[in-house]
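Colleague: Got a structure for you, model04.pdb, holding PDB, C-alpha atoms, pLDDT in the B column.
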ATOM      1  CA  MET A  16     125.702 169.444 452.770  1.00 44.00           C
ATOM      2  CA  LYS A  17     125.815 171.496 455.909  1.00 44.00           C
ATOM      3  CA  ASN A  18     123.296 169.489 457.936  1.00 44.00           C
ATOM      4  CA  SER A  19     121.927 167.046 455.383  1.00 44.00           C
ATOM      5  CA  ILE A  20     123.425 163.878 456.855  1.00 48.00           C
ATOM      6  CA  PRO A  21     122.235 164.496 460.452  1.00 47.00           C
ATOM      7  CA  SER A  22     118.800 165.493 459.101  1.00 46.00           C
ATOM      8  CA  LEU A  23     118.534 162.354 457.014  1.00 43.00           C
ATOM      9  CA  LEU A  24     119.591 160.223 459.950  1.00 43.00           C
ATOM     10  CA  LEU A  25     116.885 161.861 462.065  1.00 46.00           C
ATOM     11  CA  VAL A  26     114.288 161.082 459.387  1.00 45.00           C
ATOM     12  CA  THR A  27     115.530 157.502 459.248  1.00 47.00           C
ATOM     13  CA  PHE A  28     115.288 157.141 463.018  1.00 47.00           C
ATOM     14  CA  GLY A  29     111.807 158.702 463.081  1.00 50.00           C
ATOM     15  CA  ALA A  30     110.617 156.394 460.354  1.00 48.00           C
ATOM     16  CA  ALA A  31     111.984 153.430 462.284  1.00 49.00           C
ATOM     17  CA  LEU A  32     109.999 154.518 465.349  1.00 46.00           C
ATOM     18  CA  VAL A  33     106.823 154.786 463.301  1.00 46.00           C
ATOM     19  CA  PHE A  34     107.563 151.384 461.797  1.00 47.00           C
ATOM     20  CA  THR A  35     107.539 149.641 465.190  1.00 48.00           C
ATOM     21  CA  GLY A  36     104.056 150.764 466.219  1.00 53.00           C
ATOM     22  CA  CYS A  37     102.046 150.378 463.024  1.00 51.00           C
ATOM     23  CA  SER A  38      99.831 147.808 461.355  1.00 58.00           C
ATOM     24  CA  LYS A  39     101.340 145.526 458.724  1.00 58.00           C
ATOM     25  CA  GLU A  40     100.147 147.792 455.901  1.00 61.00           C
ATOM     26  CA  ASN A  41     101.555 150.885 457.579  1.00 57.00           C
ATOM     27  CA  ARG A  42     104.809 149.051 458.277  1.00 54.00           C
ATOM     28  CA  THR A  43     105.225 148.381 454.576  1.00 59.00           C
ATOM     29  CA  ASP A  44     104.864 152.113 453.863  1.00 57.00           C
ATOM     30  CA  ALA A  45     107.181 152.985 456.748  1.00 51.00           C
ATOM     31  CA  ASN A  46     109.698 150.403 455.561  1.00 50.00           C
ATOM     32  CA  ALA A  47     109.736 152.044 452.130  1.00 53.00           C
ATOM     33  CA  THR A  48     110.284 155.423 453.800  1.00 53.00           C
ATOM     34  CA  VAL A  49     113.155 154.043 455.870  1.00 47.00           C
ATOM     35  CA  LYS A  50     114.757 152.510 452.768  1.00 51.00           C
ATOM     36  CA  GLU A  51     114.392 155.774 450.865  1.00 55.00           C
ATOM     37  CA  ALA A  52     115.883 157.787 453.738  1.00 45.00           C
ATOM     38  CA  ALA A  53     118.776 155.343 454.025  1.00 43.00           C
ATOM     39  CA  HIS A  54     119.367 155.603 450.280  1.00 46.00           C
ATOM     40  CA  ASN A  55     119.300 159.417 450.477  1.00 45.00           C
ATOM     41  CA  THR A  56     121.742 159.355 453.393  1.00 41.00           C
ATOM     42  CA  LYS A  57     124.090 157.096 451.452  1.00 44.00           C
ATOM     43  CA  GLU A  58     123.883 159.371 448.413  1.00 46.00           C
ATOM     44  CA  ALA A  59     124.621 162.424 450.571  1.00 45.00           C
ATOM     45  CA  ILE A  60     127.679 160.745 452.032  1.00 45.00           C
ATOM     46  CA  VAL A  61     128.934 159.492 448.670  1.00 47.00           C
ATOM     47  CA  ASP A  62     128.303 162.879 447.043  1.00 52.00           C
ATOM     48  CA  ALA A  63     129.907 164.891 449.839  1.00 59.00           C
ATOM     49  CA  TRP A  64     132.693 165.892 447.461  1.00 65.00           C
ATOM     50  CA  GLY A  65     130.730 165.566 444.226  1.00 67.00           C
ATOM     51  CA  ASP A  66     130.454 169.301 443.727  1.00 68.00           C
ATOM     52  CA  VAL A  67     134.236 169.841 443.855  1.00 67.00           C
ATOM     53  CA  LYS A  68     135.799 166.548 442.715  1.00 69.00           C
ATOM     54  CA  GLY A  69     136.041 167.780 439.148  1.00 78.00           C
ATOM     55  CA  PHE A  70     137.773 171.042 440.021  1.00 82.00           C
ATOM     56  CA  THR A  71     140.852 171.579 437.899  1.00 84.00           C
ATOM     57  CA  PHE A  72     144.152 173.075 438.999  1.00 86.00           C
ATOM     58  CA  GLU A  73     142.857 176.472 437.894  1.00 87.00           C
ATOM     59  CA  LYS A  74     140.002 176.154 440.413  1.00 86.00           C
ATOM     60  CA  ARG A  75     142.297 175.030 443.244  1.00 86.00           C
ATOM     61  CA  ASN A  76     141.492 178.078 445.374  1.00 87.00           C
ATOM     62  CA  ASP A  77     137.780 177.220 445.254  1.00 88.00           C
ATOM     63  CA  PHE A  78     138.524 173.595 446.156  1.00 86.00           C
ATOM     64  CA  ASN A  79     140.766 174.678 449.046  1.00 86.00           C
ATOM     65  CA  ALA A  80     138.103 177.049 450.352  1.00 87.00           C
ATOM     66  CA  LYS A  81     135.419 174.345 450.294  1.00 86.00           C
ATOM     67  CA  ALA A  82     137.735 171.794 451.893  1.00 85.00           C
ATOM     68  CA  LYS A  83     138.692 174.206 454.669  1.00 84.00           C
ATOM     69  CA  SER A  84     135.034 175.083 455.229  1.00 86.00           C
ATOM     70  CA  ARG A  85     134.140 171.408 455.581  1.00 85.00           C
ATOM     71  CA  SER A  86     137.111 170.967 457.884  1.00 86.00           C
ATOM     72  CA  ALA A  87     135.921 173.795 460.150  1.00 88.00           C
ATOM     73  CA  GLN A  88     132.422 172.285 460.348  1.00 86.00           C
ATOM     74  CA  TRP A  89     133.952 168.904 461.078  1.00 86.00           C
ATOM     75  CA  ASP A  90     136.116 170.336 463.864  1.00 88.00           C
ATOM     76  CA  VAL A  91     132.943 171.367 465.700  1.00 89.00           C
ATOM     77  CA  GLN A  92     131.514 167.833 465.528  1.00 88.00           C
ATOM     78  CA  VAL A  93     134.796 166.241 466.621  1.00 88.00           C
ATOM     79  CA  SER A  94     135.100 168.732 469.487  1.00 88.00           C
ATOM     80  CA  GLU A  95     131.646 167.732 470.727  1.00 87.00           C
ATOM     81  CA  LEU A  96     132.607 164.071 470.554  1.00 86.00           C
ATOM     82  CA  ARG A  97     135.831 164.686 472.454  1.00 85.00           C
ATOM     83  CA  ALA A  98     134.020 166.755 475.083  1.00 85.00           C
ATOM     84  CA  ASN A  99     131.929 163.693 475.945  1.00 81.00           C
ATOM     85  CA  TYR A 100     134.923 161.354 475.964  1.00 79.00           C
ATOM     86  CA  SER A 101     136.671 160.281 479.125  1.00 79.00           C
ATOM     87  CA  GLU A 102     139.763 158.171 478.534  1.00 75.00           C
ATOM     88  CA  ALA A 103     139.695 156.948 482.130  1.00 72.00           C
ATOM     89  CA  GLN A 104     136.202 155.493 481.656  1.00 78.00           C
ATOM     90  CA  ALA A 105     136.608 154.380 478.036  1.00 78.00           C
ATOM     91  CA  THR A 106     136.744 150.780 476.941  1.00 84.00           C
ATOM     92  CA  ALA A 107     139.718 149.545 474.950  1.00 88.00           C
ATOM     93  CA  SER A 108     137.695 149.624 471.723  1.00 87.00           C
ATOM     94  CA  ARG A 109     136.558 153.179 472.434  1.00 85.00           C
ATOM     95  CA  ARG A 110     140.156 154.292 473.061  1.00 87.00           C
ATOM     96  CA  ALA A 111     141.242 152.603 469.839  1.00 91.00           C
ATOM     97  CA  ALA A 112     138.436 154.307 467.908  1.00 91.00           C
ATOM     98  CA  MET A 113     139.382 157.707 469.339  1.00 90.00           C
ATOM     99  CA  ASP A 114     143.046 157.098 468.468  1.00 93.00           C
ATOM    100  CA  GLU A 115     142.028 156.157 464.936  1.00 95.00           C
ATOM    101  CA  LEU A 116     139.960 159.345 464.724  1.00 93.00           C
ATOM    102  CA  LYS A 117     142.936 161.425 465.864  1.00 93.00           C
ATOM    103  CA  SER A 118     145.174 159.737 463.286  1.00 96.00           C
ATOM    104  CA  SER A 119     142.622 160.192 460.499  1.00 95.00           C
ATOM    105  CA  GLU A 120     142.189 163.830 461.407  1.00 93.00           C
ATOM    106  CA  ALA A 121     145.954 164.418 461.258  1.00 95.00           C
ATOM    107  CA  ASP A 122     146.142 162.622 457.904  1.00 96.00           C
ATOM    108  CA  TYR A 123     143.323 164.747 456.475  1.00 93.00           C
ATOM    109  CA  LYS A 124     144.925 167.989 457.628  1.00 91.00           C
ATOM    110  CA  SER A 125     148.263 166.861 456.193  1.00 94.00           C
ATOM    111  CA  LYS A 126     146.658 166.096 452.823  1.00 93.00           C
ATOM    112  CA  LEU A 127     144.811 169.409 452.904  1.00 90.00           C
ATOM    113  CA  ASN A 128     148.057 171.286 453.580  1.00 91.00           C
ATOM    114  CA  ALA A 129     149.754 169.409 450.721  1.00 91.00           C
ATOM    115  CA  LEU A 130     147.272 170.994 448.318  1.00 87.00           C
ATOM    116  CA  GLY A 131     149.095 174.276 448.847  1.00 86.00           C
ATOM    117  CA  THR A 132     152.221 172.897 447.176  1.00 90.00           C
ATOM    118  CA  ALA A 133     150.462 170.949 444.434  1.00 92.00           C
ATOM    119  CA  THR A 134     151.457 171.753 440.875  1.00 92.00           C
ATOM    120  CA  GLY A 135     149.402 171.347 437.744  1.00 91.00           C
ATOM    121  CA  ASP A 136     150.887 167.885 437.318  1.00 93.00           C
ATOM    122  CA  SER A 137     150.287 166.756 440.894  1.00 93.00           C
ATOM    123  CA  TRP A 138     146.936 168.488 441.449  1.00 91.00           C
ATOM    124  CA  THR A 139     144.611 165.593 440.621  1.00 91.00           C
ATOM    125  CA  GLU A 140     146.469 163.193 442.900  1.00 94.00           C
ATOM    126  CA  ALA A 141     146.645 165.723 445.750  1.00 92.00           C
ATOM    127  CA  LYS A 142     142.932 166.511 445.404  1.00 90.00           C
ATOM    128  CA  ASP A 143     142.017 162.809 445.330  1.00 91.00           C
ATOM    129  CA  ASN A 144     144.165 162.252 448.431  1.00 93.00           C
ATOM    130  CA  VAL A 145     142.176 164.918 450.272  1.00 91.00           C
ATOM    131  CA  VAL A 146     138.890 163.291 449.301  1.00 89.00           C
ATOM    132  CA  LEU A 147     140.126 159.840 450.376  1.00 93.00           C
ATOM    133  CA  ALA A 148     141.464 161.212 453.655  1.00 93.00           C
ATOM    134  CA  TRP A 149     138.090 162.913 454.248  1.00 91.00           C
ATOM    135  CA  ASP A 150     136.241 159.650 453.661  1.00 92.00           C
ATOM    136  CA  LYS A 151     138.568 157.895 456.107  1.00 94.00           C
ATOM    137  CA  LEU A 152     138.008 160.673 458.643  1.00 93.00           C
ATOM    138  CA  GLN A 153     134.240 160.304 458.364  1.00 92.00           C
ATOM    139  CA  ALA A 154     134.467 156.536 458.810  1.00 94.00           C
ATOM    140  CA  SER A 155     136.690 156.989 461.878  1.00 94.00           C
ATOM    141  CA  TYR A 156     134.256 159.503 463.329  1.00 93.00           C
ATOM    142  CA  ARG A 157     131.289 157.171 462.877  1.00 92.00           C
ATOM    143  CA  LYS A 158     133.276 154.368 464.505  1.00 91.00           C
ATOM    144  CA  ALA A 159     134.224 156.591 467.456  1.00 90.00           C
ATOM    145  CA  ARG A 160     130.604 157.681 467.937  1.00 89.00           C
ATOM    146  CA  ALA A 161     129.398 154.085 467.849  1.00 85.00           C
ATOM    147  CA  ASN A 162     131.743 152.936 470.611  1.00 76.00           C
TER
END
Turn the structure described in the file into C-alpha cells.

Modeller:
Amino acid sequence: MKNSIPSLLLVTFGAALVFTGCSKENRTDANATVKEAAHNTKEAIVDAWGDVKGFTFEKRNDFNAKAKSRSAQWDVQVSELRANYSEAQATASRRAAMDELKSSEADYKSKLNALGTATGDSWTEAKDNVVLAWDKLQASYRKARAN
C-alpha cells in the first residue's frame, strides 16, 4: 500500500479532467472510470490493515513491524504537510484541523507503544485500538490537507 492511495487519487483526478472535455458518450465511459477509481481508492483505504488485522498474539512482532513501517511512511507525509503550514496565516478551521492531526498522531503512537505491553489476553483489543487510531489519523490528515 506504499503509494496506492496517491496513485489512485491521481487516476481519479485525471479521469475527471478527461470527463470535462469529452462528448456525452465519452463522458459516460469516463464517468465509469472515475467511479471505478473511486471504488478502488475506497477499497485501498478500507483494506489498509487487511493484511495484518488477523495477526494473532504469536505474530505480534510482524504486526508491530508493519505498523511501525506504516508510521514511518506517514511521518514523511505529515512532515510535508507541516512544512507548508504557517500558523500565523492559517484560518481558524485550518488551525483546528492541524491540532486534531497532532492529537490523532499522539493517540496513534500511544496505541502503537501499548502493543509492546499487550498480553495474549489483551492483544486483540490493543491491535484493534491501533487500527482504529490509524483510521482516525488518516481522517485527520485528510481534513488538515483539505483546509

Colleague: Return the single residue from A:Ala87, A:Val93, A:Ala141, A:Leu130 that is closest to A:Lys117, with distances computed using all atoms listed in the file.

Modeller: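 Among the listed residues, the smallest separation from A:Lys117 belongs to A:Val93.
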
Colleague: Hey, which of A:Ser125, A:Thr106, A:Gln88, A:Thr132 ends up closest to A:Asn162? Count all atoms listed in the file.

Modeller: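 Going through A:Ser125, A:Thr106, A:Gln88, A:Thr132 one by one, the smallest distance to A:Asn162 is for A:Thr106.
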
Colleague: Could you pull the residues within 12 Å of A:Glu115, counting all atoms listed in the file, minus those fewer than 2 positions along the same chain, as an MDAnalysis selection string?

Modeller: chainID A and resid 108:113 117:122 151:160

Colleague: Could you state which residues are captured by the PyMOL selection byres ((chain A and resi 143) around 12) in this file, as JSON, numbers by chain?

Modeller: {"A": [64, 65, 67, 68, 69, 70, 71, 78, 82, 123, 126, 127, 129, 130, 133, 137, 138, 139, 140, 141, 142, 144, 145, 146, 147, 148, 149, 150]}

Colleague: Adding 3 Å on each side of the box along x, y and z that holds all listed atoms of stretch 144-154 of chain A, could you give its centre and edge lengths in Å to one decimal, as AutoDock Vina command-line options?

Modeller:
--center_x 139.2 --center_y 160.7 --center_z 453.6 --size_x 15.9 --size_y 14.4 --size_z 16.4

Colleague: Calculated over only C-alpha atoms, which of the candidates A:Asn99, A:Ala105, A:Glu73, A:Lys124 has the smallest distance to A:Arg85?

Modeller: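 Closest residue, counting only C-alpha atoms: A:Lys124.
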
Colleague: Please, what distance in Å, to one decimal, runs between atom CA of A:Glu95 and atom CA of A:Lys83?

Modeller: 18.7 Å

Colleague: From the options A:Asp136, A:Ala161, A:Leu116, A:Asn128, which residue's atoms come nearest to A:Asp90, counting all atoms listed in the file?

Modeller: A:Leu116

Colleague: To one decimal in Å, tell me the separation between atom CA of A:Gly131 and atom CA of A:Ala80.

Modeller: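 Result for atom CA of A:Gly131 versus atom CA of A:Ala80: 11.4 Å, one decimal.
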
Colleague: Could I get stretch 91-116 of chain A from the block written as a PDB file, in the first residue's frame, with N, CA and C atoms?

Modeller:
ATOM      1  N   VAL A  91       6.564  10.995   7.048  1.00  0.00           N
ATOM      2  CA  VAL A  91       7.063  11.771   5.906  1.00  0.00           C
ATOM      3  C   VAL A  91       5.936  12.642   5.343  1.00  0.00           C
ATOM      4  N   GLN A  92       4.757  12.065   5.163  1.00  0.00           N
ATOM      5  CA  GLN A  92       3.629  12.830   4.620  1.00  0.00           C
ATOM      6  C   GLN A  92       3.214  13.951   5.567  1.00  0.00           C
ATOM      7  N   VAL A  93       3.175  13.673   6.852  1.00  0.00           N
ATOM      8  CA  VAL A  93       2.781  14.686   7.834  1.00  0.00           C
ATOM      9  C   VAL A  93       3.831  15.789   7.888  1.00  0.00           C
ATOM     10  N   SER A  94       5.096  15.420   7.778  1.00  0.00           N
ATOM     11  CA  SER A  94       6.172  16.422   7.779  1.00  0.00           C
ATOM     12  C   SER A  94       6.030  17.375   6.601  1.00  0.00           C
ATOM     13  N   GLU A  95       5.687  16.841   5.435  1.00  0.00           N
ATOM     14  CA  GLU A  95       5.474  17.680   4.259  1.00  0.00           C
ATOM     15  C   GLU A  95       4.307  18.631   4.480  1.00  0.00           C
ATOM     16  N   LEU A  96       3.247  18.139   5.073  1.00  0.00           N
ATOM     17  CA  LEU A  96       2.083  18.968   5.354  1.00  0.00           C
ATOM     18  C   LEU A  96       2.449  20.082   6.329  1.00  0.00           C
ATOM     19  N   ARG A  97       3.168  19.731   7.360  1.00  0.00           N
ATOM     20  CA  ARG A  97       3.573  20.737   8.360  1.00  0.00           C
ATOM     21  C   ARG A  97       4.548  21.753   7.783  1.00  0.00           C
ATOM     22  N   ALA A  98       5.382  21.334   6.852  1.00  0.00           N
ATOM     23  CA  ALA A  98       6.344  22.251   6.237  1.00  0.00           C
ATOM     24  C   ALA A  98       5.633  23.359   5.467  1.00  0.00           C
ATOM     25  N   ASN A  99       4.459  23.058   4.941  1.00  0.00           N
ATOM     26  CA  ASN A  99       3.688  24.039   4.178  1.00  0.00           C
ATOM     27  C   ASN A  99       2.653  24.766   5.021  1.00  0.00           C
ATOM     28  N   TYR A 100       2.712  24.576   6.325  1.00  0.00           N
ATOM     29  CA  TYR A 100       1.729  25.161   7.234  1.00  0.00           C
ATOM     30  C   TYR A 100       2.338  26.347   7.968  1.00  0.00           C
ATOM     31  N   SER A 101       1.621  27.433   7.964  1.00  0.00           N
ATOM     32  CA  SER A 101       2.025  28.617   8.708  1.00  0.00           C
ATOM     33  C   SER A 101       0.888  28.984   9.651  1.00  0.00           C
ATOM     34  N   GLU A 102       1.112  28.821  10.942  1.00  0.00           N
ATOM     35  CA  GLU A 102       0.058  29.098  11.911  1.00  0.00           C
ATOM     36  C   GLU A 102      -0.371  30.559  11.859  1.00  0.00           C
ATOM     37  N   ALA A 103       0.573  31.447  11.586  1.00  0.00           N
ATOM     38  CA  ALA A 103       0.255  32.873  11.542  1.00  0.00           C
ATOM     39  C   ALA A 103      -0.722  33.198  10.411  1.00  0.00           C
ATOM     40  N   GLN A 104      -0.644  32.447   9.317  1.00  0.00           N
ATOM     41  CA  GLN A 104      -1.502  32.717   8.161  1.00  0.00           C
ATOM     42  C   GLN A 104      -2.700  31.770   8.076  1.00  0.00           C
ATOM     43  N   ALA A 105      -2.799  30.837   9.003  1.00  0.00           N
ATOM     44  CA  ALA A 105      -3.849  29.822   8.948  1.00  0.00           C
ATOM     45  C   ALA A 105      -5.183  30.351   9.449  1.00  0.00           C
ATOM     46  N   THR A 106      -6.233  29.848   8.837  1.00  0.00           N
ATOM     47  CA  THR A 106      -7.580  30.172   9.309  1.00  0.00           C
ATOM     48  C   THR A 106      -7.842  29.376  10.588  1.00  0.00           C
ATOM     49  N   ALA A 107      -8.913  29.732  11.265  1.00  0.00           N
ATOM     50  CA  ALA A 107      -9.264  29.022  12.500  1.00  0.00           C
ATOM     51  C   ALA A 107      -9.551  27.548  12.219  1.00  0.00           C
ATOM     52  N   SER A 108     -10.217  27.259  11.108  1.00  0.00           N
ATOM     53  CA  SER A 108     -10.523  25.858  10.791  1.00  0.00           C
ATOM     54  C   SER A 108      -9.250  25.087  10.445  1.00  0.00           C
ATOM     55  N   ARG A 109      -8.322  25.740   9.803  1.00  0.00           N
ATOM     56  CA  ARG A 109      -7.044  25.095   9.473  1.00  0.00           C
ATOM     57  C   ARG A 109      -6.255  24.790  10.754  1.00  0.00           C
ATOM     58  N   ARG A 110      -6.226  25.747  11.677  1.00  0.00           N
ATOM     59  CA  ARG A 110      -5.539  25.529  12.955  1.00  0.00           C
ATOM     60  C   ARG A 110      -6.186  24.372  13.719  1.00  0.00           C
ATOM     61  N   ALA A 111      -7.512  24.346  13.713  1.00  0.00           N
ATOM     62  CA  ALA A 111      -8.226  23.269  14.399  1.00  0.00           C
ATOM     63  C   ALA A 111      -7.912  21.915  13.760  1.00  0.00           C
ATOM     64  N   ALA A 112      -7.861  21.878  12.439  1.00  0.00           N
ATOM     65  CA  ALA A 112      -7.552  20.632  11.735  1.00  0.00           C
ATOM     66  C   ALA A 112      -6.125  20.177  12.045  1.00  0.00           C
ATOM     67  N   MET A 113      -5.194  21.101  12.103  1.00  0.00           N
ATOM     68  CA  MET A 113      -3.809  20.749  12.424  1.00  0.00           C
ATOM     69  C   MET A 113      -3.688  20.283  13.876  1.00  0.00           C
ATOM     70  N   ASP A 114      -4.439  20.900  14.776  1.00  0.00           N
ATOM     71  CA  ASP A 114      -4.451  20.451  16.173  1.00  0.00           C
ATOM     72  C   ASP A 114      -5.026  19.046  16.288  1.00  0.00           C
ATOM     73  N   GLU A 115      -6.096  18.792  15.530  1.00  0.00           N
ATOM     74  CA  GLU A 115      -6.701  17.465  15.529  1.00  0.00           C
ATOM     75  C   GLU A 115      -5.712  16.432  14.983  1.00  0.00           C
ATOM     76  N   LEU A 116      -4.972  16.807  13.954  1.00  0.00           N
ATOM     77  CA  LEU A 116      -3.965  15.915  13.385  1.00  0.00           C
ATOM     78  C   LEU A 116      -2.891  15.593  14.426  1.00  0.00           C
TER      79      LEU A 116
END
